[in-house]
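Pasted below: final-v8.pdb, PDB, C-alpha atoms and all ligand atoms.
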ATOM      1  CA  MET A  18       1.689 -14.780  17.846  1.00  0.00           C
ATOM      2  CA  PHE A  19      -1.726 -13.252  18.345  1.00  0.00           C
ATOM      3  CA  TYR A  20      -2.569 -14.200  14.729  1.00  0.00           C
ATOM      4  CA  ASP A  21      -1.616 -17.879  14.942  1.00  0.00           C
ATOM      5  CA  ASN A  22      -5.247 -18.847  14.363  1.00  0.00           C
ATOM      6  CA  GLY A  23      -5.654 -16.340  11.551  1.00  0.00           C
ATOM      7  CA  LEU A  24      -7.512 -13.034  11.549  1.00  0.00           C
ATOM      8  CA  ARG A  25     -10.665 -11.829   9.902  1.00  0.00           C
ATOM      9  CA  PHE A  26     -10.161  -9.285   7.172  1.00  0.00           C
ATOM     10  CA  GLU A  27     -12.156  -8.353   4.098  1.00  0.00           C
ATOM     11  CA  CYS A  28     -11.791  -5.018   2.363  1.00  0.00           C
ATOM     12  CA  GLN A  29     -15.054  -3.047   2.555  1.00  0.00           C
ATOM     13  CA  ARG A  30     -13.944  -0.735  -0.267  1.00  0.00           C
ATOM     14  CA  CYS A  31     -14.411   2.375   1.881  1.00  0.00           C
ATOM     15  CA  LEU A  32     -11.290   3.785   0.117  1.00  0.00           C
ATOM     16  CA  TYR A  33     -10.065   5.405   3.335  1.00  0.00           C
ATOM     17  CA  CYS A  34      -6.558   3.957   2.977  1.00  0.00           C
ATOM     18  CA  CYS A  35      -6.282   5.434  -0.543  1.00  0.00           C
ATOM     19  CA  SER A  36      -7.402   8.894   0.540  1.00  0.00           C
ATOM     20  CA  ALA A  37      -8.377  11.013   3.535  1.00  0.00           C
ATOM     21  CA  GLU A  38      -4.939  11.580   5.087  1.00  0.00           C
ATOM     22  CA  PRO A  39      -1.505  12.539   3.798  1.00  0.00           C
ATOM     23  CA  GLY A  40       0.601   9.463   3.165  1.00  0.00           C
ATOM     24  CA  TYR A  41       3.110   7.756   0.958  1.00  0.00           C
ATOM     25  CA  VAL A  42       2.940   4.808  -1.406  1.00  0.00           C
ATOM     26  CA  TYR A  43       6.574   3.957  -2.025  1.00  0.00           C
ATOM     27  CA  LEU A  44       7.435   2.013  -5.139  1.00  0.00           C
ATOM     28  CA  SER A  45       9.766  -0.908  -5.578  1.00  0.00           C
ATOM     29  CA  LYS A  46      11.508  -1.533  -8.880  1.00  0.00           C
ATOM     30  CA  HIS A  47       8.991  -4.256  -9.622  1.00  0.00           C
ATOM     31  CA  ASP A  48       6.048  -1.923  -8.813  1.00  0.00           C
ATOM     32  CA  LEU A  49       7.460   0.685 -11.171  1.00  0.00           C
ATOM     33  CA  GLU A  50       7.975  -1.848 -13.976  1.00  0.00           C
ATOM     34  CA  ARG A  51       4.400  -3.116 -13.652  1.00  0.00           C
ATOM     35  CA  LEU A  52       2.825   0.338 -13.480  1.00  0.00           C
ATOM     36  CA  ALA A  53       4.884   1.795 -16.329  1.00  0.00           C
ATOM     37  CA  ARG A  54       3.953  -1.212 -18.483  1.00  0.00           C
ATOM     38  CA  LYS A  55       0.285  -0.705 -17.673  1.00  0.00           C
ATOM     39  CA  PHE A  56       0.447   2.856 -19.021  1.00  0.00           C
ATOM     40  CA  SER A  57       2.788   1.945 -21.892  1.00  0.00           C
ATOM     41  CA  LEU A  58       5.292   4.475 -20.591  1.00  0.00           C
ATOM     42  CA  ASP A  59       8.961   4.182 -19.937  1.00  0.00           C
ATOM     43  CA  GLU A  60       9.867   4.279 -16.251  1.00  0.00           C
ATOM     44  CA  ASP A  61      11.228   7.850 -16.232  1.00  0.00           C
ATOM     45  CA  GLU A  62       8.096   9.106 -17.931  1.00  0.00           C
ATOM     46  CA  PHE A  63       5.907   7.276 -15.437  1.00  0.00           C
ATOM     47  CA  ILE A  64       7.829   8.817 -12.531  1.00  0.00           C
ATOM     48  CA  SER A  65       7.540  12.316 -13.913  1.00  0.00           C
ATOM     49  CA  ARG A  66       3.789  11.988 -14.561  1.00  0.00           C
ATOM     50  CA  TYR A  67       2.581  10.079 -11.522  1.00  0.00           C
ATOM     51  CA  CYS A  68       5.239  10.145  -8.797  1.00  0.00           C
ATOM     52  CA  ARG A  69       6.959  12.489  -6.385  1.00  0.00           C
ATOM     53  CA  LEU A  70      10.385  12.185  -4.846  1.00  0.00           C
ATOM     54  CA  VAL A  71      10.461  12.070  -1.060  1.00  0.00           C
ATOM     55  CA  ASP A  72      13.582  13.550   0.475  1.00  0.00           C
ATOM     56  CA  PHE A  73      15.364  11.332   3.038  1.00  0.00           C
ATOM     57  CA  GLY A  74      18.419  13.549   3.410  1.00  0.00           C
ATOM     58  CA  THR A  75      21.005  11.697   1.373  1.00  0.00           C
ATOM     59  CA  TYR A  76      18.597   9.990  -1.024  1.00  0.00           C
ATOM     60  CA  PHE A  77      15.045  10.080  -2.381  1.00  0.00           C
ATOM     61  CA  LEU A  78      12.358   7.417  -2.376  1.00  0.00           C
ATOM     62  CA  VAL A  79       9.766   7.362  -5.137  1.00  0.00           C
ATOM     63  CA  SER A  80       6.141   7.656  -4.003  1.00  0.00           C
ATOM     64  CA  LEU A  81       2.895   7.952  -5.939  1.00  0.00           C
ATOM     65  CA  GLN A  82       1.518  11.475  -6.160  1.00  0.00           C
ATOM     66  CA  GLU A  83      -1.401  12.625  -4.051  1.00  0.00           C
ATOM     67  CA  ARG A  84      -4.083  15.065  -5.101  1.00  0.00           C
ATOM     68  CA  PRO A  85      -4.555  18.203  -2.974  1.00  0.00           C
ATOM     69  CA  ASP A  86      -7.326  16.426  -0.999  1.00  0.00           C
ATOM     70  CA  TYR A  87      -4.866  13.559  -0.275  1.00  0.00           C
ATOM     71  CA  ASP A  88      -6.525  11.108  -2.653  1.00  0.00           C
ATOM     72  CA  CYS A  89      -4.020   8.843  -4.352  1.00  0.00           C
ATOM     73  CA  ILE A  90      -3.437   9.867  -7.946  1.00  0.00           C
ATOM     74  CA  PHE A  91      -4.948   6.542  -9.042  1.00  0.00           C
ATOM     75  CA  LEU A  92      -8.079   6.696  -6.952  1.00  0.00           C
ATOM     76  CA  THR A  93     -11.386   7.008  -8.816  1.00  0.00           C
ATOM     77  CA  PRO A  94     -14.901   7.075  -7.359  1.00  0.00           C
ATOM     78  CA  SER A  95     -15.202   3.388  -8.158  1.00  0.00           C
ATOM     79  CA  GLY A  96     -11.845   2.407  -6.679  1.00  0.00           C
ATOM     80  CA  CYS A  97      -8.255   1.929  -7.699  1.00  0.00           C
ATOM     81  CA  MET A  98      -7.704   2.382 -11.430  1.00  0.00           C
ATOM     82  CA  VAL A  99      -4.491   0.321 -11.326  1.00  0.00           C
ATOM     83  CA  TYR A 100      -5.824  -2.392  -9.024  1.00  0.00           C
ATOM     84  CA  ASP A 101      -4.207  -5.295 -10.885  1.00  0.00           C
ATOM     85  CA  ALA A 102      -0.878  -3.476 -10.923  1.00  0.00           C
ATOM     86  CA  ARG A 103      -1.154  -1.792  -7.506  1.00  0.00           C
ATOM     87  CA  PRO A 104       2.079  -1.480  -5.553  1.00  0.00           C
ATOM     88  CA  LEU A 105       3.243  -4.031  -3.008  1.00  0.00           C
ATOM     89  CA  GLN A 106       2.520  -1.601  -0.189  1.00  0.00           C
ATOM     90  CA  CYS A 107      -1.169  -1.598  -1.188  1.00  0.00           C
ATOM     91  CA  ARG A 108      -1.251  -5.375  -1.748  1.00  0.00           C
ATOM     92  CA  THR A 109       0.078  -6.228   1.680  1.00  0.00           C
ATOM     93  CA  TYR A 110      -2.132  -3.862   3.721  1.00  0.00           C
ATOM     94  CA  PRO A 111      -3.239  -4.276   6.511  1.00  0.00           C
ATOM     95  CA  PHE A 112      -0.666  -6.977   7.241  1.00  0.00           C
ATOM     96  CA  TRP A 113       2.154  -4.499   7.774  1.00  0.00           C
ATOM     97  CA  LYS A 114       4.860  -4.969  10.376  1.00  0.00           C
ATOM     98  CA  ASN A 115       3.752  -2.036  12.525  1.00  0.00           C
ATOM     99  CA  VAL A 116       0.124  -3.182  12.437  1.00  0.00           C
ATOM    100  CA  MET A 117       1.000  -6.808  13.214  1.00  0.00           C
ATOM    101  CA  GLU A 118       3.166  -6.013  16.229  1.00  0.00           C
ATOM    102  CA  SER A 119       0.447  -6.971  18.712  1.00  0.00           C
ATOM    103  CA  GLY A 120      -3.245  -7.595  19.136  1.00  0.00           C
ATOM    104  CA  GLU A 121      -3.447  -4.051  20.426  1.00  0.00           C
ATOM    105  CA  SER A 122      -1.909  -2.503  17.276  1.00  0.00           C
ATOM    106  CA  TRP A 123      -4.241  -4.672  15.125  1.00  0.00           C
ATOM    107  CA  LYS A 124      -7.271  -3.397  17.087  1.00  0.00           C
ATOM    108  CA  GLN A 125      -6.021   0.154  16.817  1.00  0.00           C
ATOM    109  CA  GLU A 126      -5.737  -0.152  13.032  1.00  0.00           C
ATOM    110  CA  ALA A 127      -9.355  -1.323  12.919  1.00  0.00           C
ATOM    111  CA  GLU A 128     -10.340   2.202  13.929  1.00  0.00           C
ATOM    112  CA  SER A 129      -9.346   3.427  10.457  1.00  0.00           C
ATOM    113  CA  CYS A 130      -9.947   0.218   8.450  1.00  0.00           C
ATOM    114  CA  PRO A 131     -13.478  -1.183   8.655  1.00  0.00           C
ATOM    115  CA  GLY A 132     -12.344  -4.368   6.853  1.00  0.00           C
ATOM    116  CA  ILE A 133     -10.446  -5.517   9.937  1.00  0.00           C
ATOM    117  CA  GLY A 134     -12.518  -8.048  11.843  1.00  0.00           C
ATOM    118  CA  LYS A 135     -14.851  -8.682   8.888  1.00  0.00           C
ATOM    119  CA  GLY A 136     -15.133 -11.480   6.347  1.00  0.00           C
ATOM    120  CA  PRO A 137     -13.409 -14.844   6.255  1.00  0.00           C
ATOM    121  CA  VAL A 138     -10.408 -15.715   8.366  1.00  0.00           C
ATOM    122  CA  VAL A 139      -7.091 -15.028   6.648  1.00  0.00           C
ATOM    123  CA  PRO A 140      -4.877 -17.954   7.696  1.00  0.00           C
ATOM    124  CA  ALA A 141      -1.667 -17.311   9.613  1.00  0.00           C
ATOM    125  CA  ARG A 142       0.452 -18.658   6.731  1.00  0.00           C
ATOM    126  CA  GLU A 143      -1.056 -16.025   4.385  1.00  0.00           C
ATOM    127  CA  ILE A 144      -0.493 -13.301   6.983  1.00  0.00           C
ATOM    128  CA  ARG A 145       3.149 -14.385   7.341  1.00  0.00           C
ATOM    129  CA  LYS A 146       3.548 -14.370   3.578  1.00  0.00           C
ATOM    130  CA  ARG A 147       2.239 -10.806   3.296  1.00  0.00           C
ATOM    131  CA  LEU A 148       4.449  -9.721   6.171  1.00  0.00           C
ATOM    132  CA  LYS A 149       7.443 -11.281   4.473  1.00  0.00           C
ATOM    133  CA  ASP A 150       6.554  -9.712   1.105  1.00  0.00           C
ATOM    134  CA  GLY A 151       6.436  -6.318   2.797  1.00  0.00           C
ATOM    135  CA  GLU A 152       9.683  -6.840   4.709  1.00  0.00           C
ATOM    136  CA  GLU A 153      12.488  -4.632   3.491  1.00  0.00           C
ATOM    137  CA  PRO A 154      10.848  -4.170   0.109  1.00  0.00           C
ATOM    138  CA  PRO A 155      13.397  -3.219  -2.505  1.00  0.00           C
ATOM    139  CA  TYR A 156      12.222   0.368  -2.744  1.00  0.00           C
ATOM    140  CA  ILE A 157      13.741   2.454  -5.461  1.00  0.00           C
ATOM    141  CA  ILE A 158      16.468   4.627  -3.965  1.00  0.00           C
ATOM    142  CA  LEU A 159      17.615   7.623  -5.955  1.00  0.00           C
ATOM    143  CA  LYS A 160      20.907   9.059  -4.770  1.00  0.00           C
ATOM    144  CA  LYS A 161      21.239  12.825  -4.580  1.00  0.00           C
TER     145      LYS A 161
HETATM  146  S1  LIG A 201      -9.421   1.171   4.805  1.00  0.00           S
HETATM  147 FE1  LIG A 201      -9.639  -1.078   4.879  1.00  0.00          FE
HETATM  148  S2  LIG A 201     -11.738  -1.477   4.205  1.00  0.00           S
HETATM  149 FE2  LIG A 201     -11.235   0.618   3.600  1.00  0.00          FE
HETATM  150  S3  LIG A 201     -10.459   0.414   1.479  1.00  0.00           S
HETATM  151 FE3  LIG A 201      -8.688   0.335   2.861  1.00  0.00          FE
HETATM  152  S4  LIG A 201      -8.349  -1.876   3.215  1.00  0.00           S
HETATM  153 FE4  LIG A 201     -10.431  -1.639   2.407  1.00  0.00          FE
HETATM  154  S1  LIG A 202      -2.438   2.618  -5.943  1.00  0.00           S
HETATM  155 FE1  LIG A 202      -4.568   2.064  -5.793  1.00  0.00          FE
HETATM  156  S2  LIG A 202      -4.718   0.779  -3.946  1.00  0.00           S
HETATM  157 FE2  LIG A 202      -2.781   1.923  -3.831  1.00  0.00          FE
HETATM  158  S3  LIG A 202      -3.246   3.809  -2.681  1.00  0.00           S
HETATM  159 FE3  LIG A 202      -3.473   4.273  -4.870  1.00  0.00          FE
HETATM  160  S4  LIG A 202      -5.646   3.975  -5.305  1.00  0.00           S
HETATM  161 FE4  LIG A 202      -5.201   2.917  -3.367  1.00  0.00          FE
END
Give the structure from the file, written as structure tokens.
Amino acid sequence: MFYDNGLRFECQRCLYCCSAEPGYVYLSKHDLERLARKFSLDEDEFISRYCRLVDFGTYFLVSLQERPDYDCIFLTPSGCMVYDARPLQCRTYPFWKNVMESGESWKQEAESCPGIGKGPVVPAREIRKRLKDGEEPPYIILKK
């Protein structure tokens, strides 16, 4: 693979991936448990305060809410207010399947993420681990 010798990545805290464009941060059961615990809420209460349901036809996925300017509901001027409990989707970025398809897709992602190509080399084994963690994450599926 093009990342067999590792890849340089270090978040520059530009916050672009938490804002700027419409997007979705889908939650797994484990993400929801962690976040609800952080706010001392039960899971239903957390969903109704901080999430939206995204319609996939026969079911819904649970995503974090966005503000009207597309900022994530948990974004503050100094960064993510739930950083320690941030969802898997946030933890595994930028080592997502679609980004890691080829050297070309990795370079393309660097156009919106200034952390790509910076900092220490992330070893291939760590990249594979993050890819695996993000593979078929057990997103919460709510039947209609
Ligand atoms: S876009 Fe990249 S550098 Fe900017 S906050 Fe997100 S991960 Fe960090
Ligand atoms: S949960 Fe935190 S890291 Fe994830 S998109 Fe929202 S602000 Fe960014």
List as a ChimeraX atom specification the residues having at least one atom at most 12 Å from position (-15.2, -8.6, 6.0) as given in the file, counting only C-alpha atoms. /A:24-31,127,130-139
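Inspection of the environment of ligand LIG 202 (chain A), which uses all atoms listed in the file and a cut-off of 6 Å, identifies the neighbouring residues as Cys35, Cys89, Phe91, Leu92, Cys97, Val99, Tyr100, Arg103 and Cys107 of chain A.
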With C-alpha atoms retained, write the just-selected residues as a short mmCIF file (atom, residue, chain, number, x, y, z; two decimals), keeping the file's coordinate frame.
data_model
loop_
_atom_site.label_atom_id
_atom_site.label_comp_id
_atom_site.auth_asym_id
_atom_site.auth_seq_id
_atom_site.Cartn_x
_atom_site.Cartn_y
_atom_site.Cartn_z
CA CYS A 35 -6.28 5.43 -0.54
CA CYS A 89 -4.02 8.84 -4.35
CA PHE A 91 -4.95 6.54 -9.04
CA LEU A 92 -8.08 6.70 -6.95
CA CYS A 97 -8.26 1.93 -7.70
CA VAL A 99 -4.49 0.32 -11.33
CA TYR A 100 -5.82 -2.39 -9.02
CA ARG A 103 -1.15 -1.79 -7.51
CA CYS A 107 -1.17 -1.60 -1.19
#
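Minimum atom-to-atom distances from A:Arg69, A:Arg84, A:Arg54, A:Arg108 to ligand LIG 201 (chain A) were compared using all atoms listed in the file, and the lowest value belongs to A:Arg108.
The two atoms in question, atom CA of Ser45 of chain A and atom CA of Ser95 of chain A, are spaced 25.5 Å apart.
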List as JSON, numbers by chain the protein and nucleic acid residues near segment 118-122 of chain A, meaning an atom at most 10 Å away when all atoms listed in the file are counted, but skip any in the same chain fewer than 4 places from it. {"A": [18, 19, 20, 112, 113, 114, 126, 127]}
